[in-house]
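data36.pdb, holding PDB, C-alpha atoms:
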```
ATOM      1  CA  MET A1443     -42.016   8.090  52.073
ATOM      2  CA  ASN A1444     -43.686   4.788  52.875
ATOM      3  CA  ASN A1445     -44.016   3.622  49.321
ATOM      4  CA  ARG A1446     -41.675   0.696  49.716
ATOM      5  CA  ARG A1447     -42.518  -2.112  47.348
ATOM      6  CA  SER A1448     -43.622  -5.199  49.179
ATOM      7  CA  SER A1449     -41.573  -8.261  48.453
ATOM      8  CA  PRO A1450     -42.109 -11.969  48.930
ATOM      9  CA  PHE A1451     -38.872 -11.990  50.891
ATOM     10  CA  THR A1452     -39.845  -9.468  53.517
ATOM     11  CA  VAL A1453     -42.356  -9.979  56.269
ATOM     12  CA  ASN A1454     -43.708  -7.203  58.369
ATOM     13  CA  SER A1455     -43.110  -8.669  61.792
ATOM     14  CA  GLY A1456     -45.050  -6.005  63.645
ATOM     15  CA  ALA A1457     -43.784  -3.417  66.138
ATOM     16  CA  GLY A1458     -41.782  -1.767  63.362
ATOM     17  CA  MET A1459     -39.697  -4.872  62.781
ATOM     18  CA  LEU A1460     -38.925  -6.420  59.433
ATOM     19  CA  THR A1461     -37.593  -9.854  58.572
ATOM     20  CA  VAL A1462     -35.203  -9.741  55.646
ATOM     21  CA  SER A1463     -34.429 -13.066  53.991
ATOM     22  CA  THR A1464     -30.859 -13.337  52.794
ATOM     23  CA  THR A1465     -28.909 -16.072  51.062
ATOM     24  CA  ARG A1466     -25.733 -15.422  53.001
ATOM     25  CA  PHE A1467     -26.980 -14.616  56.477
ATOM     26  CA  GLY A1468     -30.352 -16.351  56.706
ATOM     27  CA  ASP A1469     -33.255 -14.322  58.075
ATOM     28  CA  ILE A1470     -32.350 -10.978  59.607
ATOM     29  CA  LEU A1471     -34.818  -9.342  61.978
ATOM     30  CA  ILE A1472     -34.283  -5.606  61.833
ATOM     31  CA  GLU A1473     -36.052  -2.395  62.815
ATOM     32  CA  GLU A1474     -37.923  -1.060  59.795
ATOM     33  CA  ASP A1475     -36.433   2.383  60.253
ATOM     34  CA  ARG A1476     -32.948   0.987  59.667
ATOM     35  CA  VAL A1477     -33.781   0.315  56.027
ATOM     36  CA  ILE A1478     -32.012   2.665  53.624
ATOM     37  CA  HIS A1479     -33.932   3.682  50.526
ATOM     38  CA  PHE A1480     -32.242   4.168  47.170
ATOM     39  CA  PRO A1481     -34.862   5.878  44.963
ATOM     40  CA  GLU A1482     -32.694   5.314  41.876
ATOM     41  CA  GLY A1483     -31.200   2.001  42.980
ATOM     42  CA  LEU A1484     -27.490   1.382  42.421
ATOM     43  CA  LEU A1485     -26.089   1.703  38.899
ATOM     44  CA  GLY A1486     -26.921  -1.537  37.113
ATOM     45  CA  PHE A1487     -29.452  -2.432  39.832
ATOM     46  CA  PRO A1488     -32.215   0.138  39.273
ATOM     47  CA  ASP A1489     -34.990  -2.048  40.673
ATOM     48  CA  GLN A1490     -33.437  -2.804  44.068
ATOM     49  CA  LYS A1491     -34.346   0.274  46.059
ATOM     50  CA  ALA A1492     -34.027  -0.846  49.673
ATOM     51  CA  TYR A1493     -30.973  -2.097  51.541
ATOM     52  CA  ILE A1494     -29.828  -2.731  55.073
ATOM     53  CA  ILE A1495     -26.279  -2.408  56.410
ATOM     54  CA  GLN A1496     -24.732  -5.142  58.558
ATOM     55  CA  GLN A1497     -21.245  -5.274  59.977
ATOM     56  CA  HIS A1498     -19.229  -8.214  58.618
ATOM     57  CA  LYS A1499     -18.017  -9.264  62.069
ATOM     58  CA  PRO A1500     -17.624  -7.384  65.340
ATOM     59  CA  GLY A1501     -14.549  -5.171  65.003
ATOM     60  CA  SER A1502     -14.359  -5.589  61.225
ATOM     61  CA  SER A1503     -13.821  -2.642  58.884
ATOM     62  CA  PHE A1504     -16.109  -4.315  56.375
ATOM     63  CA  TYR A1505     -19.869  -4.076  56.215
ATOM     64  CA  TRP A1506     -22.518  -5.587  53.964
ATOM     65  CA  LEU A1507     -25.055  -3.686  51.927
ATOM     66  CA  GLN A1508     -27.781  -6.304  51.750
ATOM     67  CA  SER A1509     -30.758  -5.924  49.428
ATOM     68  CA  VAL A1510     -34.084  -6.150  51.223
ATOM     69  CA  ASP A1511     -35.814  -7.481  48.112
ATOM     70  CA  LEU A1512     -33.266  -9.864  46.588
ATOM     71  CA  PRO A1513     -31.915 -12.409  49.081
ATOM     72  CA  HIS A1514     -28.798 -13.145  47.028
ATOM     73  CA  LEU A1515     -27.832  -9.497  46.388
ATOM     74  CA  ALA A1516     -25.305  -8.222  48.915
ATOM     75  CA  PHE A1517     -22.283  -6.004  48.447
ATOM     76  CA  VAL A1518     -19.229  -5.703  50.659
ATOM     77  CA  ILE A1519     -18.721  -2.063  51.596
ATOM     78  CA  ILE A1520     -16.145  -0.044  53.473
ATOM     79  CA  ASN A1521     -15.540   3.473  54.653
ATOM     80  CA  PRO A1522     -13.437   4.716  51.694
ATOM     81  CA  PHE A1523     -11.333   6.904  53.961
ATOM     82  CA  LEU A1524      -9.895   3.806  55.661
ATOM     83  CA  GLY A1525      -8.259   2.782  52.411
ATOM     84  CA  GLU A1526      -7.588   6.282  51.073
ATOM     85  CA  LYS A1527      -7.384   8.886  53.788
ATOM     86  CA  ASP A1528      -6.864  11.801  51.379
ATOM     87  CA  TYR A1529      -9.863  10.825  49.226
ATOM     88  CA  LEU A1530     -11.852  14.028  49.814
ATOM     89  CA  LYS A1531      -8.851  16.333  49.622
ATOM     90  CA  GLU A1532      -7.980  14.996  46.192
ATOM     91  CA  LEU A1533     -11.403  15.774  44.733
ATOM     92  CA  PRO A1534     -12.507  19.014  43.069
ATOM     93  CA  PRO A1535     -15.095  21.133  44.956
ATOM     94  CA  SER A1536     -17.948  19.988  42.683
ATOM     95  CA  ASP A1537     -17.297  16.371  43.702
ATOM     96  CA  GLN A1538     -16.656  17.274  47.340
ATOM     97  CA  SER A1539     -20.144  18.760  47.559
ATOM     98  CA  TYR A1540     -21.630  15.255  47.365
ATOM     99  CA  PHE A1541     -20.010  14.578  50.740
ATOM    100  CA  ASN A1542     -21.622  17.529  52.532
ATOM    101  CA  GLY A1543     -22.602  16.560  56.060
ATOM    102  CA  ILE A1544     -19.956  13.899  56.453
ATOM    103  CA  GLU A1545     -18.060  15.942  59.023
ATOM    104  CA  ASP A1546     -20.958  16.008  61.499
ATOM    105  CA  GLY A1547     -22.252  12.509  60.818
ATOM    106  CA  ARG A1548     -25.383  13.465  58.840
ATOM    107  CA  THR A1549     -23.912  11.844  55.742
ATOM    108  CA  LEU A1550     -22.216   8.476  55.371
ATOM    109  CA  ALA A1551     -19.892   7.702  52.469
ATOM    110  CA  LEU A1552     -19.270   4.095  51.447
ATOM    111  CA  ALA A1553     -17.274   2.394  48.746
ATOM    112  CA  LEU A1554     -18.348  -0.886  47.162
ATOM    113  CA  VAL A1555     -15.641  -3.533  47.460
ATOM    114  CA  THR A1556     -14.875  -6.079  44.748
ATOM    115  CA  ILE A1557     -13.302  -9.364  45.848
ATOM    116  CA  LYS A1558     -11.335 -11.313  43.271
ATOM    117  CA  PRO A1559      -9.291 -13.900  45.148
ATOM    118  CA  GLU A1560      -7.170 -14.668  42.067
ATOM    119  CA  SER A1561      -6.195 -11.013  41.454
ATOM    120  CA  VAL A1562      -3.462  -8.873  42.950
ATOM    121  CA  PRO A1563      -4.532  -7.131  45.063
ATOM    122  CA  PRO A1564      -7.609  -9.290  45.675
ATOM    123  CA  LEU A1565      -9.593  -6.440  47.208
ATOM    124  CA  THR A1566     -10.420  -3.234  45.341
ATOM    125  CA  MET A1567     -12.893  -0.468  46.080
ATOM    126  CA  ASN A1568     -14.852   1.750  43.739
ATOM    127  CA  LEU A1569     -13.813   5.362  44.363
ATOM    128  CA  VAL A1570     -15.466   6.778  41.222
ATOM    129  CA  GLY A1571     -18.955   5.715  42.212
ATOM    130  CA  PRO A1572     -19.188   6.102  45.996
ATOM    131  CA  VAL A1573     -22.476   5.479  47.758
ATOM    132  CA  ILE A1574     -23.631   8.500  49.727
ATOM    133  CA  ILE A1575     -26.247   8.025  52.432
ATOM    134  CA  ASN A1576     -28.228  10.799  54.056
ATOM    135  CA  LEU A1577     -28.717   9.442  57.565
ATOM    136  CA  GLU A1578     -31.449  11.965  58.397
ATOM    137  CA  THR A1579     -33.726  10.813  55.583
ATOM    138  CA  ARG A1580     -32.284   7.263  55.396
ATOM    139  CA  THR A1581     -31.898   7.664  51.650
ATOM    140  CA  GLY A1582     -28.888   6.824  49.554
ATOM    141  CA  ARG A1583     -27.612   7.144  46.044
ATOM    142  CA  GLN A1584     -24.565   6.116  44.102
ATOM    143  CA  VAL A1585     -22.943   9.233  42.684
ATOM    144  CA  VAL A1586     -20.558   9.398  39.742
ATOM    145  CA  LEU A1587     -17.618  11.674  40.435
ATOM    146  CA  SER A1588     -16.367  13.897  37.634
ATOM    147  CA  SER A1589     -12.762  13.649  38.821
ATOM    148  CA  THR A1590     -10.481  11.257  36.968
ATOM    149  CA  ARG A1591      -8.148  11.078  39.965
ATOM    150  CA  TYR A1592      -9.540   7.708  41.089
ATOM    151  CA  THR A1593     -10.652   4.493  39.434
ATOM    152  CA  CYS A1594     -13.415   2.043  40.218
ATOM    153  CA  LYS A1595     -10.723  -0.546  41.056
ATOM    154  CA  HIS A1596      -8.730   1.319  43.669
ATOM    155  CA  PRO A1597      -6.447  -1.177  45.455
ATOM    156  CA  LEU A1598      -7.650  -1.713  49.000
ATOM    157  CA  ILE A1599      -4.508  -2.067  51.040
ATOM    158  CA  PHE A1600      -4.446  -1.247  54.702
ATOM    159  CA  SER A1601      -1.403   0.657  55.791
ATOM    160  CA  GLN A1602      -0.164  -0.771  59.029
TER     161      GLN A1602
ATOM    162  CA  MET B1471     -30.250   6.456  16.286
ATOM    163  CA  LEU B1472     -31.328   9.933  15.281
ATOM    164  CA  VAL B1473     -28.444  11.825  13.690
ATOM    165  CA  ILE B1474     -28.494  15.631  13.647
ATOM    166  CA  THR B1475     -25.794  17.981  12.356
ATOM    167  CA  ARG B1476     -25.237  21.139  14.403
ATOM    168  CA  LYS B1477     -22.924  24.119  14.044
ATOM    169  CA  LEU B1478     -21.028  25.925  16.770
ATOM    170  CA  GLU B1479     -23.425  27.578  19.231
ATOM    171  CA  GLU B1480     -26.439  25.707  17.906
ATOM    172  CA  LYS B1481     -28.553  23.651  20.285
ATOM    173  CA  ILE B1482     -30.709  20.553  20.544
ATOM    174  CA  THR B1483     -33.724  20.339  22.805
ATOM    175  CA  ILE B1484     -34.741  16.937  24.181
ATOM    176  CA  GLY B1485     -38.212  16.748  25.683
ATOM    177  CA  ASN B1486     -39.405  19.844  27.506
ATOM    178  CA  ASP B1487     -36.503  20.500  29.785
ATOM    179  CA  ILE B1488     -33.171  19.317  28.397
ATOM    180  CA  THR B1489     -31.062  21.478  26.074
ATOM    181  CA  ILE B1490     -27.653  20.575  24.715
ATOM    182  CA  SER B1491     -25.470  23.320  23.204
ATOM    183  CA  VAL B1492     -22.351  23.011  21.106
ATOM    184  CA  LEU B1493     -20.053  25.456  22.903
ATOM    185  CA  GLY B1494     -16.760  24.788  21.184
ATOM    186  CA  ILE B1495     -15.012  22.630  18.612
ATOM    187  CA  LYS B1496     -11.271  22.150  18.669
ATOM    188  CA  GLY B1497      -9.794  19.343  16.573
ATOM    189  CA  ASN B1498     -11.554  16.204  17.758
ATOM    190  CA  HIS B1499     -12.717  17.779  21.023
ATOM    191  CA  ILE B1500     -16.252  19.075  21.249
ATOM    192  CA  LYS B1501     -17.373  21.091  24.243
ATOM    193  CA  LEU B1502     -21.039  20.583  25.082
ATOM    194  CA  GLY B1503     -23.212  22.533  27.479
ATOM    195  CA  ILE B1504     -26.115  20.628  28.994
ATOM    196  CA  GLU B1505     -29.069  22.273  30.665
ATOM    197  CA  ALA B1506     -31.290  19.812  32.489
ATOM    198  CA  PRO B1507     -33.363  19.648  35.669
ATOM    199  CA  ARG B1508     -31.128  19.488  38.727
ATOM    200  CA  HIS B1509     -31.902  15.870  39.535
ATOM    201  CA  THR B1510     -31.300  14.502  36.058
ATOM    202  CA  PRO B1511     -28.160  12.401  36.328
ATOM    203  CA  ILE B1512     -25.687  13.167  33.538
ATOM    204  CA  TYR B1513     -22.750  10.820  33.045
ATOM    205  CA  ARG B1514     -19.814  10.407  30.745
ATOM    206  CA  THR B1515     -20.948   7.166  29.144
ATOM    207  CA  GLU B1516     -17.675   5.284  29.563
ATOM    208  CA  VAL B1517     -17.525   6.206  33.274
ATOM    209  CA  TYR B1518     -21.159   5.222  33.762
ATOM    210  CA  LYS B1519     -20.531   1.872  32.062
ATOM    211  CA  SER B1520     -17.397   1.198  34.085
ATOM    212  CA  ILE B1521     -19.327   1.713  37.327
ATOM    213  CA  VAL B1522     -22.201  -0.512  36.206
ATOM    214  CA  GLU B1523     -19.697  -3.232  35.297
ATOM    215  CA  GLU B1524     -17.808  -2.840  38.569
ATOM    216  CA  ASN B1525     -21.096  -3.015  40.517
ATOM    217  CA  LEU B1526     -21.922  -6.267  38.741
ATOM    218  CA  ARG B1527     -18.495  -7.636  39.666
ATOM    219  CA  ALA B1528     -18.873  -6.388  43.258
ATOM    220  CA  ALA B1529     -22.183  -8.257  43.505
ATOM    221  CA  LEU B1530     -20.384 -11.549  42.767
ATOM    222  CA  VAL B1531     -19.013 -11.979  46.248
ATOM    223  CA  PRO B1532     -17.303 -15.370  46.592
ATOM    224  CA  GLN B1533     -18.750 -17.789  49.104
ATOM    225  CA  ASP B1534     -15.449 -17.751  50.993
ATOM    226  CA  VAL B1535     -14.840 -14.247  52.296
ATOM    227  CA  SER B1536     -11.909 -15.046  54.578
ATOM    228  CA  LEU B1537      -9.989 -12.329  52.698
ATOM    229  CA  LEU B1538     -12.086  -9.828  54.625
ATOM    230  CA  SER B1539     -10.726 -11.069  57.906
ATOM    231  CA  SER B1540      -7.060 -10.426  57.224
ATOM    232  CA  ASN B1541      -7.310  -6.778  58.326
ATOM    233  CA  GLU B1542      -9.649  -7.218  61.204
ATOM    234  CA  GLN B1543      -7.403  -5.846  63.859
ATOM    235  CA  THR B1544      -6.017  -2.975  61.841
ATOM    236  CA  GLU B1545      -8.795  -0.435  61.622
ATOM    237  CA  VAL B1546     -12.272   0.120  62.922
ATOM    238  CA  LEU B1547     -14.946   2.081  61.112
ATOM    239  CA  ASP B1548     -16.171   5.052  63.119
ATOM    240  CA  GLU B1549     -19.872   4.712  63.612
TER     241      GLU B1549
END
```
As structure tokens:
Amino acid sequence: MNNRRSSPFTVNSGAGMLTVSTTRFGDILIEEDRVIHFPEGLLGFPDQKAYIIQQHKPGSSFYWLQSVDLPHLAFVIINPFLGEKDYLKELPPSDQSYFNGIEDGRTLALALVTIKPESVPPLTMNLVGPVIINLETRTGRQVVLSSTRYTCKHPLIFSQ
Amino acid sequence: MLVITRKLEEKITIGNDITISVLGIKGNHIKLGIEAPRHTPIYRTEVYKSIVEENLRAALVPQDVSLLSSNEQTEVLDE
């Protein structure tokens, strides 16, 4: 599966390392095998097929899904179960099947977070189009759930 | 746009491997059956559009992301 498009923003730094140029974080040196491939891209971003995941800050619940090819393209992501612990239980079996492997860590589910400081609440997460990553093949896709139980602007409020 | 009139139980074939059947008509509800290769994504258009639009909004992360720090101590993502 080594058909990754070369990009002016990535440099093969040898020894399986890759330098990813980013607008927000500067240059990130990362092991090549930590790149996650999205054969279909994300919806609306069909041409960006490779991303890396970086934690926002040590201890933070938030992570970044940073495009390898477009320095300015980075999404804030979160484990959807932190904001909605019954997420899976509320979905019909056909939707639940997308999450196969999550219980033993083979699959990672992520929700894209939208930040609108002027809105209430300012943080929402997309629970209709979760990103599902197969950690064994390092491939991901954004699925579209058939359930109408959730919206793509689910309020992200931490219960404390 | 190609416009085709179909009756109940009639079908349309698109390309070599996609078939759409009219399974039922009730008032203004039409039940369609779609046969397509397993990896062909099929979306309700309004849901697809809403996700594309939300992705575009999600990509506009403000420069100041201090909002992300307000819950730092509350939860930690299992790795």
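Non-sequential neighbours of region 1519-1534 of chain B (distance at most 9 Å, separation of 2 or more positions within a chain, all atoms listed in the file) are A:Arg1466, A:Leu1484, A:Leu1485, A:Gly1486, A:Phe1487, A:His1514, A:Leu1515, A:Ala1516, A:Phe1517, A:Val1518, A:Leu1554, A:Val1555, A:Thr1556, A:Ile1557, A:Lys1558, A:Pro1559, A:Met1567, A:Asn1568, A:Val1570, A:Gly1571, A:Val1586, A:Cys1594, A:Lys1595, B:Arg1514, B:Thr1515, B:Glu1516, B:Val1517, B:Ser1536, B:Leu1537.
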For the selection just defined, write its residues with C-alpha atoms to a file, as a compact mmCIF listing (two decimals), keeping the file's coordinate frame.
```
# COMPACT_ATOMS: atom_id res chain seq x y z
CA ARG A 1466 -25.73 -15.42 53.00
CA LEU A 1484 -27.49 1.38 42.42
CA LEU A 1485 -26.09 1.70 38.90
CA GLY A 1486 -26.92 -1.54 37.11
CA PHE A 1487 -29.45 -2.43 39.83
CA HIS A 1514 -28.80 -13.14 47.03
CA LEU A 1515 -27.83 -9.50 46.39
CA ALA A 1516 -25.30 -8.22 48.92
CA PHE A 1517 -22.28 -6.00 48.45
CA VAL A 1518 -19.23 -5.70 50.66
CA LEU A 1554 -18.35 -0.89 47.16
CA VAL A 1555 -15.64 -3.53 47.46
CA THR A 1556 -14.88 -6.08 44.75
CA ILE A 1557 -13.30 -9.36 45.85
CA LYS A 1558 -11.34 -11.31 43.27
CA PRO A 1559 -9.29 -13.90 45.15
CA MET A 1567 -12.89 -0.47 46.08
CA ASN A 1568 -14.85 1.75 43.74
CA VAL A 1570 -15.47 6.78 41.22
CA GLY A 1571 -18.95 5.72 42.21
CA VAL A 1586 -20.56 9.40 39.74
CA CYS A 1594 -13.42 2.04 40.22
CA LYS A 1595 -10.72 -0.55 41.06
CA ARG B 1514 -19.81 10.41 30.74
CA THR B 1515 -20.95 7.17 29.14
CA GLU B 1516 -17.68 5.28 29.56
CA VAL B 1517 -17.52 6.21 33.27
CA SER B 1536 -11.91 -15.05 54.58
CA LEU B 1537 -9.99 -12.33 52.70
```
What is the CA of Gly1483 (chain A) to CA of Leu1538 (chain B) distance in Å?
-> 25.3 Å
Going by the chain IDs and residue numbers used in this file, which residues fall under the PyMOL selection byres ((chain A and resi 1546-1550) around 10)? Write them as a CSV table (one decimal) with C-alpha atoms, keeping the file's coordinate frame.
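Output file out.csv is given in full below:
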```csv
chain,number,residue,atom,x,y,z
A,1521,ASN,CA,-15.5,3.5,54.7
A,1540,TYR,CA,-21.6,15.3,47.4
A,1541,PHE,CA,-20.0,14.6,50.7
A,1542,ASN,CA,-21.6,17.5,52.5
A,1543,GLY,CA,-22.6,16.6,56.1
A,1544,ILE,CA,-20.0,13.9,56.5
A,1545,GLU,CA,-18.1,15.9,59.0
A,1551,ALA,CA,-19.9,7.7,52.5
A,1552,LEU,CA,-19.3,4.1,51.4
A,1573,VAL,CA,-22.5,5.5,47.8
A,1574,ILE,CA,-23.6,8.5,49.7
A,1575,ILE,CA,-26.2,8.0,52.4
A,1576,ASN,CA,-28.2,10.8,54.1
A,1577,LEU,CA,-28.7,9.4,57.6
A,1578,GLU,CA,-31.4,12.0,58.4
A,1579,THR,CA,-33.7,10.8,55.6
A,1580,ARG,CA,-32.3,7.3,55.4
A,1581,THR,CA,-31.9,7.7,51.6
A,1582,GLY,CA,-28.9,6.8,49.6
B,1548,ASP,CA,-16.2,5.1,63.1
B,1549,GLU,CA,-19.9,4.7,63.6
```
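The residue that comes closest to Asp1511 (chain A), out of A:Glu1532, A:Asp1475, A:Asp1489, A:Glu1526 and on the basis of only C-alpha atoms, is A:Asp1489.
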If the box runs along x, y and z of the file and leaves 5 Å on each side of region 1525-1542 of chain B, what are its centre and edge lengths in Å, one decimal, as lines of an AutoDock Vina configuration file?
```
center_x = -14.6
center_y = -10.4
center_z = 50.0
size_x = 25.1
size_y = 24.8
size_z = 32.5
```
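What separates CA of Thr1590 (chain A) from CA of Ile1488 (chain B) is a distance of 25.6 Å.
What separates CA of Leu1524 (chain A) from CA of Pro1597 (chain A) is a distance of 11.9 Å.
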Residue members of the PyMOL selection byres ((chain A and resi 1505) around 9) in the file shown, as a PyMOL selection string = chain A and resi 1495-1499+1502-1504+1506-1507+1517-1521
With C-alpha atoms retained, export the selected residues as a PDB file, keeping the file's coordinate frame.
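See again-v6.pdb below for the written result:
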```pdb
ATOM      1  CA  ILE A1495     -26.279  -2.408  56.410  1.00  0.00           C
ATOM      2  CA  GLN A1496     -24.732  -5.142  58.558  1.00  0.00           C
ATOM      3  CA  GLN A1497     -21.245  -5.274  59.977  1.00  0.00           C
ATOM      4  CA  HIS A1498     -19.229  -8.214  58.618  1.00  0.00           C
ATOM      5  CA  LYS A1499     -18.017  -9.264  62.069  1.00  0.00           C
ATOM      6  CA  SER A1502     -14.359  -5.589  61.225  1.00  0.00           C
ATOM      7  CA  SER A1503     -13.821  -2.642  58.884  1.00  0.00           C
ATOM      8  CA  PHE A1504     -16.109  -4.315  56.375  1.00  0.00           C
ATOM      9  CA  TRP A1506     -22.518  -5.587  53.964  1.00  0.00           C
ATOM     10  CA  LEU A1507     -25.055  -3.686  51.927  1.00  0.00           C
ATOM     11  CA  PHE A1517     -22.283  -6.004  48.447  1.00  0.00           C
ATOM     12  CA  VAL A1518     -19.229  -5.703  50.659  1.00  0.00           C
ATOM     13  CA  ILE A1519     -18.721  -2.063  51.596  1.00  0.00           C
ATOM     14  CA  ILE A1520     -16.145  -0.044  53.473  1.00  0.00           C
ATOM     15  CA  ASN A1521     -15.540   3.473  54.653  1.00  0.00           C
TER      16      ASN A1521
END
```
Find the residues near His1509 (chain B): any atom within 12 Å, counting only C-alpha atoms, skip ones fewer than 5 places away on the same chain, and give them as a count of residues only.
-> 6
Nearby residues (only C-alpha atoms) at most 12 Å from Ile1495 (chain B), same-chain spacing under 6 positions excluded, as a ChimeraX atom specification = /B:1476-1480,1501-1502
Store the residues picked out above, limited to C-alpha atoms, as a PDB file, keeping the file's coordinate frame.
```pdb
ATOM      1  CA  ARG B1476     -25.237  21.139  14.403  1.00  0.00           C
ATOM      2  CA  LYS B1477     -22.924  24.119  14.044  1.00  0.00           C
ATOM      3  CA  LEU B1478     -21.028  25.925  16.770  1.00  0.00           C
ATOM      4  CA  GLU B1479     -23.425  27.578  19.231  1.00  0.00           C
ATOM      5  CA  GLU B1480     -26.439  25.707  17.906  1.00  0.00           C
ATOM      6  CA  LYS B1501     -17.373  21.091  24.243  1.00  0.00           C
ATOM      7  CA  LEU B1502     -21.039  20.583  25.082  1.00  0.00           C
TER       8      LEU B1502
END
```
